[in-house]
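Here's the structure we're looking at; comments come further down.
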Amino acid sequence: MISEKMAEALNEQLKWEFWSGYLYLSMSAYFEDKGLTGFAQWMKNQAGEELFHATKMYDYINSAGGRVILQTVEAPQSDWESPLAVFEDGLRHEGEVTAKINNLMNLAHELKDHATANFLQWYIAEQVEEEGSFGEIVSKLKMVGDGGGMYMMDKELGARVFTWPAPAAQ
Ligand code: OFO
């Protein structure tokens with residue numbers, strides 16, 4: 001059974017996973033407003049992924065005998081200077097989430113909670129992917145500037161699809 005301290009820390013992370021989803025949905029709304037529907041679609045999918053991260057954590061706390069306590073999710077920012085600023089913000093945010101996951105892993109080790117450490121391993125790997133995908137788009141946006149390349153990127157990002165993983169893969 002999970003300790004109270006670990007459950008409390010996971011509940012705090014659960015809030016951040018939901019908040020990440022909220023932030024990316026807000027970014028999606030920003031792109032919708034600008035008519036960049038491909039960027040909007042990409043961000044909406046990202047929000048879906050965050051909801052999956054949150055649900056996975058919610059399930060783990062429950063199955064490990066902890067008590068889920070949902071917390072207040074603050075309103076995210078709603079406006080940005082440019083598409084590049086949006087993705088730079090996303091990249092910065094993912095860096096912060098990575099640090100939070102690393103701290104959780106440190107706590108699990110400190111508490112000798114091997115089951116939670118094993119569970120968190122999935123998030124450690126996921127954060128590498130998350131930072132990588134935001135970083136790649138930041139680099140591309142810097143390359144294309146504001147011209148026709150932006151139209152091509154909108155098309156490319158609009159092709160992203162997020163499918164809720166099957167239970168076995170969770
Ligand atoms: Fe949940 O990975 Fe992004 O924040």
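Each chain in the structure tokens gets a letter, A, B, ..., in the order shown, and its residues are numbered from 1; ligands are numbered from 1 in order too.
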(message) To test your reading of the structure, identify every residue in segment 4-136 of chain A that backbone DSSP assigns to alpha helix (DSSP H), and report it as JSON, numbers by chain.
(response) {"A": [4, 5, 6, 7, 8, 9, 10, 11, 12, 13, 14, 15, 16, 17, 18, 19, 20, 21, 22, 23, 24, 25, 26, 27, 28, 29, 30, 31, 32, 33, 34, 37, 38, 39, 40, 41, 42, 43, 44, 45, 46, 47, 48, 49, 50, 51, 52, 53, 54, 55, 56, 57, 58, 59, 60, 61, 62, 63, 83, 84, 85, 86, 87, 88, 89, 90, 91, 92, 93, 94, 95, 96, 97, 98, 99, 100, 101, 102, 103, 104, 105, 106, 107, 108, 109, 110, 114, 115, 116, 117, 118, 119, 120, 121, 122, 123, 124, 125, 126, 127, 128, 129, 130, 131, 132, 133, 134, 135, 136]}
Report the closest atom pair, with its distance in Å rounded to one decimal, for each residue of chain A that has an atom no farther than 9 Å from ligand 1; count only C-alpha atoms and all ligand atoms, sort by chain and then rising residue number, and write it as a Markdown table.
```
| residue | atom | partner | partner_atom_place_in_ligand_line | distance |
| --- | --- | --- | --- | --- |
| A:Trp16 | CA | ligand 1 | 4 (O) | 7.2 |
| A:Glu17 | CA | ligand 1 | 1 (Fe) | 5.0 |
| A:Phe18 | CA | ligand 1 | 1 (Fe) | 8.2 |
| A:Trp19 | CA | ligand 1 | 4 (O) | 8.1 |
| A:Ser20 | CA | ligand 1 | 4 (O) | 4.9 |
| A:Gly21 | CA | ligand 1 | 4 (O) | 7.4 |
| A:Gln46 | CA | ligand 1 | 3 (Fe) | 7.8 |
| A:Ala47 | CA | ligand 1 | 3 (Fe) | 8.5 |
| A:Glu49 | CA | ligand 1 | 1 (Fe) | 7.2 |
| A:Glu50 | CA | ligand 1 | 1 (Fe) | 4.8 |
| A:Leu51 | CA | ligand 1 | 1 (Fe) | 8.0 |
| A:Phe52 | CA | ligand 1 | 1 (Fe) | 8.2 |
| A:His53 | CA | ligand 1 | 1 (Fe) | 5.4 |
| A:Ala54 | CA | ligand 1 | 1 (Fe) | 7.3 |
| A:Gly90 | CA | ligand 1 | 3 (Fe) | 8.4 |
| A:His93 | CA | ligand 1 | 4 (O) | 6.9 |
| A:Glu94 | CA | ligand 1 | 4 (O) | 5.2 |
| A:Gly95 | CA | ligand 1 | 4 (O) | 8.5 |
| A:Glu96 | CA | ligand 1 | 4 (O) | 8.2 |
| A:Val97 | CA | ligand 1 | 4 (O) | 5.5 |
| A:Thr98 | CA | ligand 1 | 2 (O) | 7.8 |
| A:Tyr123 | CA | ligand 1 | 2 (O) | 7.5 |
| A:Glu126 | CA | ligand 1 | 2 (O) | 6.8 |
| A:Gln127 | CA | ligand 1 | 2 (O) | 5.8 |
| A:Glu129 | CA | ligand 1 | 2 (O) | 8.8 |
| A:Glu130 | CA | ligand 1 | 3 (Fe) | 6.0 |
| A:Glu131 | CA | ligand 1 | 3 (Fe) | 8.1 |
```
Which residues of segment 39-137 of chain A have any atom within 12 Å of an atom in segment 27-30 of chain A when counting only C-alpha atoms, and what is the closest pair of atoms for each, with the distance in Å to one decimal? Order the rows by chain and rising number and write it as JSON lines.
```
{"residue": "A:Phe39", "atom": "CA", "partner": "A:Ser28", "partner_atom": "CA", "distance": 7.1}
{"residue": "A:Ala40", "atom": "CA", "partner": "A:Ser28", "partner_atom": "CA", "distance": 4.2}
{"residue": "A:Gln41", "atom": "CA", "partner": "A:Ser28", "partner_atom": "CA", "distance": 6.9}
{"residue": "A:Trp42", "atom": "CA", "partner": "A:Ser28", "partner_atom": "CA", "distance": 7.7}
{"residue": "A:Met43", "atom": "CA", "partner": "A:Ser28", "partner_atom": "CA", "distance": 5.0}
{"residue": "A:Lys44", "atom": "CA", "partner": "A:Ser28", "partner_atom": "CA", "distance": 5.7}
{"residue": "A:Asn45", "atom": "CA", "partner": "A:Ser28", "partner_atom": "CA", "distance": 9.1}
{"residue": "A:Gln46", "atom": "CA", "partner": "A:Ser28", "partner_atom": "CA", "distance": 9.2}
{"residue": "A:Ala47", "atom": "CA", "partner": "A:Ser28", "partner_atom": "CA", "distance": 8.6}
{"residue": "A:Gly48", "atom": "CA", "partner": "A:Ser28", "partner_atom": "CA", "distance": 11.4}
{"residue": "A:Pro76", "atom": "CA", "partner": "A:Met27", "partner_atom": "CA", "distance": 9.1}
{"residue": "A:Gln77", "atom": "CA", "partner": "A:Met27", "partner_atom": "CA", "distance": 8.3}
{"residue": "A:Ser78", "atom": "CA", "partner": "A:Tyr30", "partner_atom": "CA", "distance": 6.8}
{"residue": "A:Asp79", "atom": "CA", "partner": "A:Tyr30", "partner_atom": "CA", "distance": 6.5}
{"residue": "A:Trp80", "atom": "CA", "partner": "A:Tyr30", "partner_atom": "CA", "distance": 7.8}
{"residue": "A:Glu81", "atom": "CA", "partner": "A:Tyr30", "partner_atom": "CA", "distance": 10.4}
{"residue": "A:Ser82", "atom": "CA", "partner": "A:Tyr30", "partner_atom": "CA", "distance": 9.8}
{"residue": "A:Pro83", "atom": "CA", "partner": "A:Tyr30", "partner_atom": "CA", "distance": 9.1}
{"residue": "A:Leu84", "atom": "CA", "partner": "A:Met27", "partner_atom": "CA", "distance": 11.5}
{"residue": "A:Ala85", "atom": "CA", "partner": "A:Met27", "partner_atom": "CA", "distance": 10.5}
{"residue": "A:Val86", "atom": "CA", "partner": "A:Met27", "partner_atom": "CA", "distance": 6.9}
{"residue": "A:Phe87", "atom": "CA", "partner": "A:Met27", "partner_atom": "CA", "distance": 9.0}
{"residue": "A:Glu88", "atom": "CA", "partner": "A:Met27", "partner_atom": "CA", "distance": 11.7}
{"residue": "A:Asp89", "atom": "CA", "partner": "A:Met27", "partner_atom": "CA", "distance": 9.8}
{"residue": "A:Gly90", "atom": "CA", "partner": "A:Met27", "partner_atom": "CA", "distance": 9.0}
```
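Pairwise distance (atom CA of Ala125 of chain A, atom CA of Ser139 of chain A) equals 21.5 Å.
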(message) I want to know what sits within 9 Å of Thr72 of chain A, based on only C-alpha atoms, with residues of the same chain fewer than 2 positions away left out; could you give that as a list in words?
(response) Lys15, Leu70 and Glu74 of chain A
(message) Let me make sure I understand: among A:Gln13, A:Thr163, A:Gln71, A:Ser133, which one has the smallest atom-to-atom distance to Asn102 of chain A if we use only C-alpha atoms?
(response) A:Gln13
(request) Please provide the set of residues having any atom within 10 Å of Gly65 of chain A, restricted to only C-alpha atoms, with same-chain residues fewer than 6 positions apart removed, written as a PyMOL selection string. (result) chain A and resi 1-4+7
(message) I'd like to know which of A:Ile137, A:Val73, A:Met57, A:Asn62 is closest to Glu156 of chain A, using only C-alpha atoms.
(response) A:Ile137
(message) From the options A:Phe119, A:Tyr60, A:Val128, A:Leu91, which residue's atoms come nearest to Tyr24 of chain A, counting only C-alpha atoms?
(response)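 Counting only C-alpha atoms, the residue closest to Tyr24 of chain A is A:Leu91.
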